[in-house]
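Everything below belongs to data.txt, which stores compact mmCIF, C-alpha atoms and all ligand atoms.
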# COMPACT_ATOMS: atom_id res chain seq x y z
CA MET A 1 61.00 27.61 48.55
CA GLU A 2 57.78 26.14 50.00
CA ARG A 3 57.74 22.37 49.54
CA ASN A 4 54.96 20.39 47.94
CA GLU A 5 53.80 18.13 50.80
CA LEU A 6 50.41 17.09 49.41
CA TYR A 7 49.53 13.41 49.50
CA PRO A 8 47.01 12.26 46.85
CA MET A 9 44.37 9.60 47.53
CA PHE A 10 41.58 8.17 45.36
CA LEU A 11 38.31 8.25 47.25
CA LYS A 12 35.33 5.92 46.71
CA VAL A 13 32.83 8.76 47.02
CA ASN A 14 29.92 6.44 46.22
CA GLN A 15 30.40 4.88 49.67
CA LEU A 16 31.16 8.09 51.56
CA ASP A 17 28.90 10.86 52.82
CA VAL A 18 29.92 14.12 51.16
CA LEU A 19 28.50 17.51 52.12
CA ILE A 20 28.61 20.67 50.02
CA VAL A 21 27.39 23.88 51.67
CA GLY A 22 26.46 26.58 49.14
CA GLY A 23 24.35 26.07 46.03
CA GLY A 24 25.59 28.99 43.88
CA ASN A 25 28.15 29.25 41.08
CA VAL A 26 31.04 27.81 43.04
CA GLY A 27 28.88 25.02 44.54
CA LEU A 28 27.78 24.15 41.00
CA GLU A 29 31.40 24.03 39.79
CA LYS A 30 32.51 21.76 42.63
CA LEU A 31 29.47 19.46 42.26
CA SER A 32 29.92 19.29 38.47
CA PHE A 33 33.57 18.22 38.67
CA LEU A 34 32.77 15.73 41.43
CA LEU A 35 29.96 14.10 39.43
CA LYS A 36 31.88 14.19 36.16
CA SER A 37 34.49 11.94 37.71
CA SER A 38 32.17 10.06 40.09
CA PRO A 39 28.54 10.07 38.87
CA ASN A 40 27.42 7.88 41.80
CA ALA A 41 28.95 10.14 44.47
CA ASN A 42 26.80 10.33 47.58
CA VAL A 43 26.32 14.06 48.15
CA ASP A 44 24.04 16.33 50.16
CA VAL A 45 24.03 19.99 49.14
CA ILE A 46 22.80 22.38 51.83
CA SER A 47 22.00 25.95 50.83
CA ILE A 48 19.55 28.79 51.42
CA ASP A 49 18.85 28.77 47.69
CA PHE A 50 20.03 26.85 44.64
CA LEU A 51 20.90 27.82 41.08
CA ASP A 52 18.48 26.26 38.58
CA GLU A 53 21.41 24.59 36.81
CA LEU A 54 22.44 22.93 40.07
CA LYS A 55 18.87 21.66 40.61
CA THR A 56 18.88 20.17 37.10
CA LEU A 57 22.23 18.49 37.71
CA ALA A 58 21.02 17.07 41.05
CA ASN A 59 17.86 15.71 39.38
CA GLN A 60 20.02 13.74 36.95
CA HIS A 61 21.94 12.07 39.80
CA PRO A 62 19.96 9.85 42.19
CA HIS A 63 22.57 10.03 44.95
CA VAL A 64 22.55 13.84 45.18
CA ASN A 65 20.11 15.46 47.66
CA LEU A 66 19.38 19.15 47.93
CA ILE A 67 18.45 20.42 51.39
CA GLN A 68 17.18 23.99 51.53
CA LYS A 69 18.26 25.62 54.82
CA ALA A 70 20.91 27.84 56.37
CA TYR A 71 24.05 26.06 57.59
CA ASP A 72 24.44 25.08 61.23
CA ILE A 73 26.92 22.77 62.95
CA SER A 74 24.48 19.84 63.14
CA ASP A 75 24.77 19.61 59.33
CA LEU A 76 28.26 18.13 59.85
CA GLU A 77 26.91 15.01 61.59
CA GLN A 78 27.59 11.74 59.72
CA ARG A 79 29.84 13.28 57.05
CA HIS A 80 33.21 12.11 55.84
CA PHE A 81 34.21 15.44 54.36
CA VAL A 82 32.72 18.85 53.68
CA ILE A 83 33.19 21.45 50.97
CA GLY A 84 32.16 24.99 51.95
CA CYS A 85 31.31 27.46 49.19
CA THR A 86 28.78 29.99 50.41
CA ASP A 87 29.18 33.66 49.51
CA ASN A 88 29.39 34.52 53.21
CA LEU A 89 33.02 34.46 54.38
CA ASP A 90 31.98 34.25 58.05
CA VAL A 91 29.85 31.18 57.33
CA ASN A 92 32.72 29.59 55.37
CA LEU A 93 35.11 30.24 58.25
CA GLN A 94 32.54 28.80 60.70
CA ILE A 95 32.28 25.63 58.57
CA ASN A 96 36.08 25.38 58.62
CA GLN A 97 36.25 25.76 62.41
CA ASP A 98 33.33 23.44 63.13
CA ALA A 99 34.83 20.77 60.87
CA LYS A 100 38.27 21.11 62.50
CA ALA A 101 36.68 20.69 65.95
CA LYS A 102 35.10 17.45 64.74
CA HIS A 103 38.24 16.13 62.98
CA LEU A 104 36.31 16.25 59.72
CA LEU A 105 38.17 16.99 56.49
CA VAL A 106 37.22 20.37 55.08
CA ASN A 107 37.72 22.27 51.82
CA ILE A 108 36.69 25.91 51.61
CA ALA A 109 36.49 26.51 47.88
CA ASP A 110 39.08 28.84 46.43
CA THR A 111 40.61 29.43 49.87
CA PRO A 112 43.83 27.38 50.17
CA ASP A 113 44.50 28.50 53.78
CA GLN A 114 41.19 26.94 54.89
CA CYS A 115 41.58 23.63 53.05
CA ASP A 116 42.69 20.26 54.48
CA PHE A 117 42.65 18.97 50.90
CA TYR A 118 42.29 20.39 47.41
CA LEU A 119 40.04 19.27 44.62
CA GLY A 120 42.21 18.81 41.58
CA GLY A 121 42.08 18.61 37.83
CA ILE A 122 41.04 15.05 36.89
CA VAL A 123 41.77 12.98 33.79
CA THR A 124 39.79 9.76 33.41
CA LYS A 125 40.57 7.18 30.70
CA GLY A 126 38.68 4.06 31.71
CA HIS A 127 40.49 2.48 34.64
CA VAL A 128 43.24 5.06 34.55
CA LYS A 129 42.71 8.23 36.58
CA ILE A 130 45.17 11.06 36.96
CA ALA A 131 44.66 13.78 39.57
CA ILE A 132 46.49 17.07 39.14
CA SER A 133 47.28 19.72 41.69
CA THR A 134 49.57 22.72 41.63
CA ASN A 135 49.83 22.79 45.43
CA GLY A 136 47.02 25.34 45.45
CA LYS A 137 49.08 27.85 43.47
CA SER A 138 47.49 27.93 40.03
CA PRO A 139 44.13 26.25 39.33
CA THR A 140 44.40 27.51 35.76
CA THR A 141 47.56 25.45 35.27
CA ALA A 142 45.77 22.41 36.77
CA LYS A 143 43.04 22.88 34.19
CA ARG A 144 45.49 23.24 31.29
CA LEU A 145 47.46 20.19 32.37
CA ARG A 146 44.20 18.25 32.61
CA GLN A 147 43.38 19.23 29.01
CA LEU A 148 46.90 18.29 27.87
CA PHE A 149 46.72 14.81 29.46
CA GLU A 150 43.20 14.27 28.09
CA GLU A 151 44.75 14.78 24.62
CA VAL A 152 47.90 12.68 24.95
CA ILE A 153 46.75 9.63 26.95
CA PRO A 154 45.40 7.13 24.42
CA GLU A 155 41.75 6.04 24.72
CA ASN A 156 42.79 2.37 24.53
CA ILE A 157 44.88 2.57 27.69
CA THR A 158 42.00 0.93 29.56
CA GLU A 159 42.20 -2.10 27.22
CA LEU A 160 45.89 -2.37 28.01
CA VAL A 161 45.24 -2.21 31.75
CA SER A 162 42.50 -4.85 31.53
CA ASN A 163 44.69 -7.14 29.41
CA LEU A 164 47.57 -6.84 31.85
CA ASN A 165 45.18 -7.64 34.69
CA LEU A 166 44.04 -10.83 32.86
CA TYR A 167 47.61 -11.78 31.91
CA ARG A 168 48.76 -11.45 35.52
CA LYS A 169 46.12 -13.99 36.56
CA THR A 170 47.59 -16.57 34.13
CA LEU A 171 51.07 -16.27 35.64
CA LYS A 172 52.39 -19.08 37.81
CA GLY A 173 54.96 -18.82 40.55
CA ASP A 174 55.33 -16.74 43.63
CA PHE A 175 54.68 -13.03 44.06
CA GLN A 176 58.22 -12.03 43.08
CA ASN A 177 58.06 -14.04 39.82
CA LYS A 178 54.85 -12.24 38.90
CA VAL A 179 56.30 -8.83 39.71
CA ASP A 180 59.36 -9.62 37.58
CA GLU A 181 57.27 -10.81 34.63
CA MET A 182 54.86 -7.81 34.79
CA ASN A 183 57.83 -5.46 34.86
CA LYS A 184 59.55 -7.27 31.96
CA ILE A 185 56.58 -7.12 29.58
CA THR A 186 55.87 -3.45 30.35
CA GLU A 187 59.50 -2.32 30.04
CA GLY A 188 58.89 -0.92 26.56
CA PHE A 189 56.32 1.59 27.88
CA VAL A 190 58.97 3.83 29.32
CA SER A 191 62.08 3.06 27.24
CA LYS A 192 63.61 6.28 25.96
CA LYS A 193 63.65 6.94 22.23
CA LYS A 194 67.20 6.93 20.86
C1 LIG A 201 41.29 22.04 39.73
C2 LIG A 201 39.99 22.74 40.06
C3 LIG A 201 39.01 21.71 40.54
C4 LIG A 201 37.73 22.22 41.14
O1 LIG A 201 37.40 23.41 41.07
O2 LIG A 201 37.02 21.38 41.66
C5 LIG A 201 40.30 23.83 41.05
N1 LIG A 201 40.06 25.03 40.51
C6 LIG A 201 39.64 24.91 39.21
C7 LIG A 201 39.48 25.98 38.32
C8 LIG A 201 39.61 27.37 38.62
N2 LIG A 201 39.33 27.91 39.84
C9 LIG A 201 39.58 29.29 39.79
C10 LIG A 201 39.98 29.61 38.47
C11 LIG A 201 40.32 31.01 37.99
C12 LIG A 201 41.79 31.20 38.26
C13 LIG A 201 42.17 32.49 38.85
O3 LIG A 201 41.32 33.34 39.10
O4 LIG A 201 43.40 32.62 39.06
C14 LIG A 201 40.04 28.40 37.75
C15 LIG A 201 40.49 28.18 36.31
C16 LIG A 201 39.43 28.43 35.32
O5 LIG A 201 38.23 28.39 35.67
O6 LIG A 201 39.79 28.64 34.15
C17 LIG A 201 39.39 30.19 40.94
C18 LIG A 201 40.27 29.91 42.13
N3 LIG A 201 40.49 28.66 42.66
C19 LIG A 201 41.28 28.78 43.76
C20 LIG A 201 41.55 30.17 43.97
C21 LIG A 201 42.33 30.75 45.13
C22 LIG A 201 43.78 30.81 44.87
O7 LIG A 201 44.27 30.42 43.79
O8 LIG A 201 44.46 31.29 45.81
C23 LIG A 201 40.94 30.88 42.93
C24 LIG A 201 40.94 32.35 42.69
C25 LIG A 201 39.70 32.94 43.38
C26 LIG A 201 39.75 34.42 43.51
O9 LIG A 201 40.39 35.10 42.72
O10 LIG A 201 39.09 34.90 44.47
C27 LIG A 201 41.72 27.71 44.60
C28 LIG A 201 41.58 26.35 44.39
N4 LIG A 201 41.09 25.79 43.26
C29 LIG A 201 41.38 24.48 43.27
C30 LIG A 201 40.87 23.58 42.30
C31 LIG A 201 42.24 24.11 44.42
C32 LIG A 201 43.72 24.08 44.02
C33 LIG A 201 44.04 23.04 42.96
C34 LIG A 201 45.51 22.94 42.78
O11 LIG A 201 46.21 22.54 43.72
O12 LIG A 201 46.00 23.21 41.67
C35 LIG A 201 42.00 25.29 45.37
C36 LIG A 201 43.20 25.68 46.23
C37 LIG A 201 40.94 24.99 46.42
C38 LIG A 201 39.79 24.21 45.95
O13 LIG A 201 38.82 24.86 45.52
O14 LIG A 201 39.87 22.96 46.07
C39 LIG A 201 39.40 23.51 38.84
C40 LIG A 201 39.96 23.10 37.46
C41 LIG A 201 39.33 21.80 37.06
C42 LIG A 201 39.52 21.45 35.64
O15 LIG A 201 39.30 22.26 34.72
O16 LIG A 201 39.84 20.28 35.44
N1 LIG A 202 31.66 32.75 41.08
C1 LIG A 202 32.95 32.60 40.94
O1 LIG A 202 33.41 32.12 39.92
C2 LIG A 202 33.89 32.98 42.06
C3 LIG A 202 35.24 33.03 41.78
C4 LIG A 202 36.10 33.32 42.83
C5 LIG A 202 35.61 33.51 44.11
N2 LIG A 202 34.29 33.48 44.35
C6 LIG A 202 33.82 33.67 45.71
O2 LIG A 202 33.26 32.42 46.17
C7 LIG A 202 32.09 32.66 46.98
C8 LIG A 202 30.88 31.97 46.44
O3 LIG A 202 30.59 32.48 45.14
P1 LIG A 202 29.35 32.06 44.31
O4 LIG A 202 29.48 32.69 42.98
O5 LIG A 202 29.14 30.60 44.38
O6 LIG A 202 28.18 32.79 45.11
P2 LIG A 202 26.61 32.60 44.89
O7 LIG A 202 25.98 33.83 45.42
O8 LIG A 202 26.33 32.16 43.50
O9 LIG A 202 26.26 31.36 45.83
C9 LIG A 202 26.36 31.40 47.22
C10 LIG A 202 25.40 30.36 47.77
O10 LIG A 202 25.62 30.26 49.18
C11 LIG A 202 24.34 30.11 49.78
N3 LIG A 202 24.45 30.56 51.18
C12 LIG A 202 24.76 31.79 51.65
N4 LIG A 202 24.75 31.79 53.01
C13 LIG A 202 24.43 30.54 53.40
C14 LIG A 202 24.26 29.90 54.65
N5 LIG A 202 24.39 30.58 55.80
N6 LIG A 202 23.93 28.58 54.68
C15 LIG A 202 23.77 27.88 53.53
N7 LIG A 202 23.92 28.43 52.31
C16 LIG A 202 24.24 29.74 52.24
C17 LIG A 202 23.41 30.97 49.00
O11 LIG A 202 22.07 30.56 49.18
C18 LIG A 202 23.93 30.71 47.57
O12 LIG A 202 23.27 29.60 47.00
C19 LIG A 202 31.95 34.19 47.04
O13 LIG A 202 32.58 34.62 48.24
C20 LIG A 202 32.71 34.68 45.84
O14 LIG A 202 33.24 35.98 46.07
C21 LIG A 202 33.42 33.23 43.34

Represent the structure from my file as structure tokens, please.
Ligand SMILES: C[C@@]1(CC(=O)O)C2=NC(=C\c3[nH]c(c(CCC(=O)O)c3CC(=O)O)Cc3[nH]c(c(CC(=O)O)c3CCC(=O)O)/C=C3\N/C(=C\2)[C@@H](CCC(=O)O)[C@]3(C)CC(=O)O)/[C@H]1CCC(=O)O
Ligand SMILES: NC(=O)c1ccc[n+]([C@@H]2O[C@H](COP(=O)([O-])OP(=O)(O)OC[C@H]3O[C@@H](n4cnc5c(N)ncnc54)[C@H](O)[C@@H]3O)[C@@H](O)[C@H]2O)c1
Amino acid sequence: MERNELYPMFLKVNQLDVLIVGGGNVGLEKLSFLLKSSPNANVDVISIDFLDELKTLANQHPHVNLIQKAYDISDLEQRHFVIGCTDNLDVNLQINQDAKAKHLLVNIADTPDQCDFYLGGIVTKGHVKIAISTNGKSPTTAKRLRQLFEEVIPENITELVSNLNLYRKTLKGDFQNKVDEMNKITEGFVSKKK
């Protein structure tokens, strides 16, 4: 069976330069999920034309710029990663190849073979964020799992995280003492019900 070799990371997209190429339905979906999780994400969207809904969304987010033009390789300058979602498969493939040549991370929406990374389902509860991927096999399952975790993770988890952060600061002793104490007081979180 194919192994799951993906390595998740949590990106500070407000201090990165993100490019989306394609301002249609798929571009809107990718931009919406990005901004839902990271409203201050720094994003340029390049496209020949834009859906009205995407324009409205961009207007509500000061760090999103729409640039009306056809894609060319110079658009990849000064980017940290690029998401390609035009309706032209040749253009998407060109974006993939241009990005590879520049060692730039690339995601071609809905095309696992052309992705260096996947966008996942995302659950946010205050300081806690859970990213979900099915190794590119079933986005529908990622969505359902996202909805499940949104239900079961308590809203007050962020209070707990903040309190633990404060408590840690009151602890004396060396690093190992602190680790031991933090582990002791959180033991109950994972103890199995008899
Ligand atoms: C998580 C999420 C985030 C996001 O979109 O940002 C996301 N897809 C979402 C929803 C969704 N997308 C599609 C459907 C209809 C399902 C269907 O048709 O079977 C649904 C479900 C629905 O809408 O109900 C269409 C689709 N998507 C991909 C393919 C190709 C394929 O599967 O081979 C096809 C078929 C296209 C076709 O048939 O041509 C591929 C990818 N979609 C991914 C992410 C990456 C893998 C994530 C992972 O590892 O699990 C990956 C590989 C690339 C990427 O785009 O990054 C978001 C849920 C967010 C949420 O709800 O929280
Ligand atoms: N809509 C969906 O839910 C869906 C689902 C699965 C797969 N797909 C596939 O994903 C692709 C995109 O779908 P969509 O619905 O977003 O299409 P769309 O027609 O809504 O949007 C495509 C966008 O790409 C832009 N574009 C085209 N050529 C360009 C270029 N050379 N440079 C810059 N921008 C360019 C267009 O101006 C348009 O804004 C299609 O190949 C489609 O078959 C779509």

### Task
Could you please extract the residues within 12 Å of ligand LIG 202 (chain A), counting all atoms listed in the file, and hand them back as a ChimeraX atom specification?
/A:19-31,45-55,66-73,75,83-95,108-112,139

#### Entry: Residue contacts of A:His103 (10 Å, all atoms listed in the file) excluding same-chain residues fewer than 6 positions away, as a list in words
His80, Phe81 and Gln97 of chain A

### Message
Please return as an NGL selection string the residues found within 9 Å of ligand LIG 201 (chain A), counting all atoms listed in the file.
### Response
:A and (6 or 26 or 29-34 or 83 or 85 or 107-115 or 117-123 or 131-147)

### Task
Report the distance between atom CA of A:Asn183 and atom CA of A:Lys12 in Å, rounded to one decimal place.
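Separation between atom CA of A:Asn183 and atom CA of A:Lys12: 27.9 Å.
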
### Task
Please measure the separation of atom CA of A:Asn14 and atom CA of A:Pro154, giving the value in Å to one decimal.
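Computed distance, atom CA of A:Asn14 to atom CA of A:Pro154, equals 26.7 Å.
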
## Note on the structure
Closest of A:Ile185, A:Val179, A:Leu148, A:Ile130 to A:Asn163, counting only C-alpha atoms, is A:Ile185

Write out as a tab-separated table a residue-level contact list of stretch 53-72 of chain A versus stretch 41-44 of chain A with cut-off 9 Å: for each qualifying residue the closest pair of atoms and the distance in Å to one decimal, counting all atoms listed in the file, rows sorted by chain and residue number upward.
residue	atom	partner	partner_atom	distance
A:His61	CA	A:Ala41	CA	8.6
A:Pro62	CA	A:Asn42	CA	8.7
A:His63	CA	A:Asn42	CA	5.0
A:Val64	CA	A:Val43	CA	4.8
A:Asn65	CA	A:Asp44	CA	4.7
A:Leu66	CA	A:Asp44	CA	5.9
A:Ile67	CA	A:Asp44	CA	7.0

#### Entry: Of the listed residues A:Leu11, A:Ile157, A:Leu166, A:Leu76, that which approaches A:Ser37 most closely, counting all atoms listed in the file
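Ranked by minimum distance to A:Ser37, first place goes to A:Leu11.
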
## Note on the structure
Counting all atoms listed in the file, closest pick from A:Leu57, A:Val18, A:Val106, A:Asn96 relative to A:Lys36 is A:Leu57

### Atomic distance atom CA of A:Thr56 - atom CA of A:Arg79, expressed in Å with one decimal
23.8 Å

### Query
Near A:Lys169, within 12 Å and counting only C-alpha atoms, which residues show up once chain neighbours fewer than 6 positions away are dropped, as number ranges by chain?
A: 162-163, 175, 178-179, 181-182

### Query
Which one of A:Met9, A:Glu187, A:Met1, A:Leu35 sits closest to A:Lys129 if you count all atoms listed in the file?
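Closest candidate: A:Met9.
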
### Query
Which is closest to A:Glu77 among A:Val161, A:Asn59, A:Ala99, A:Glu155, if we use all atoms listed in the file?
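Nearest to A:Glu77: A:Ala99.
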
### Query
Quick one: of A:Glu151, A:Glu5, A:Arg168, A:Leu105, who's nearest to A:Asp180, counting only C-alpha atoms?
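Ranked by minimum distance to A:Asp180, first place goes to A:Arg168.
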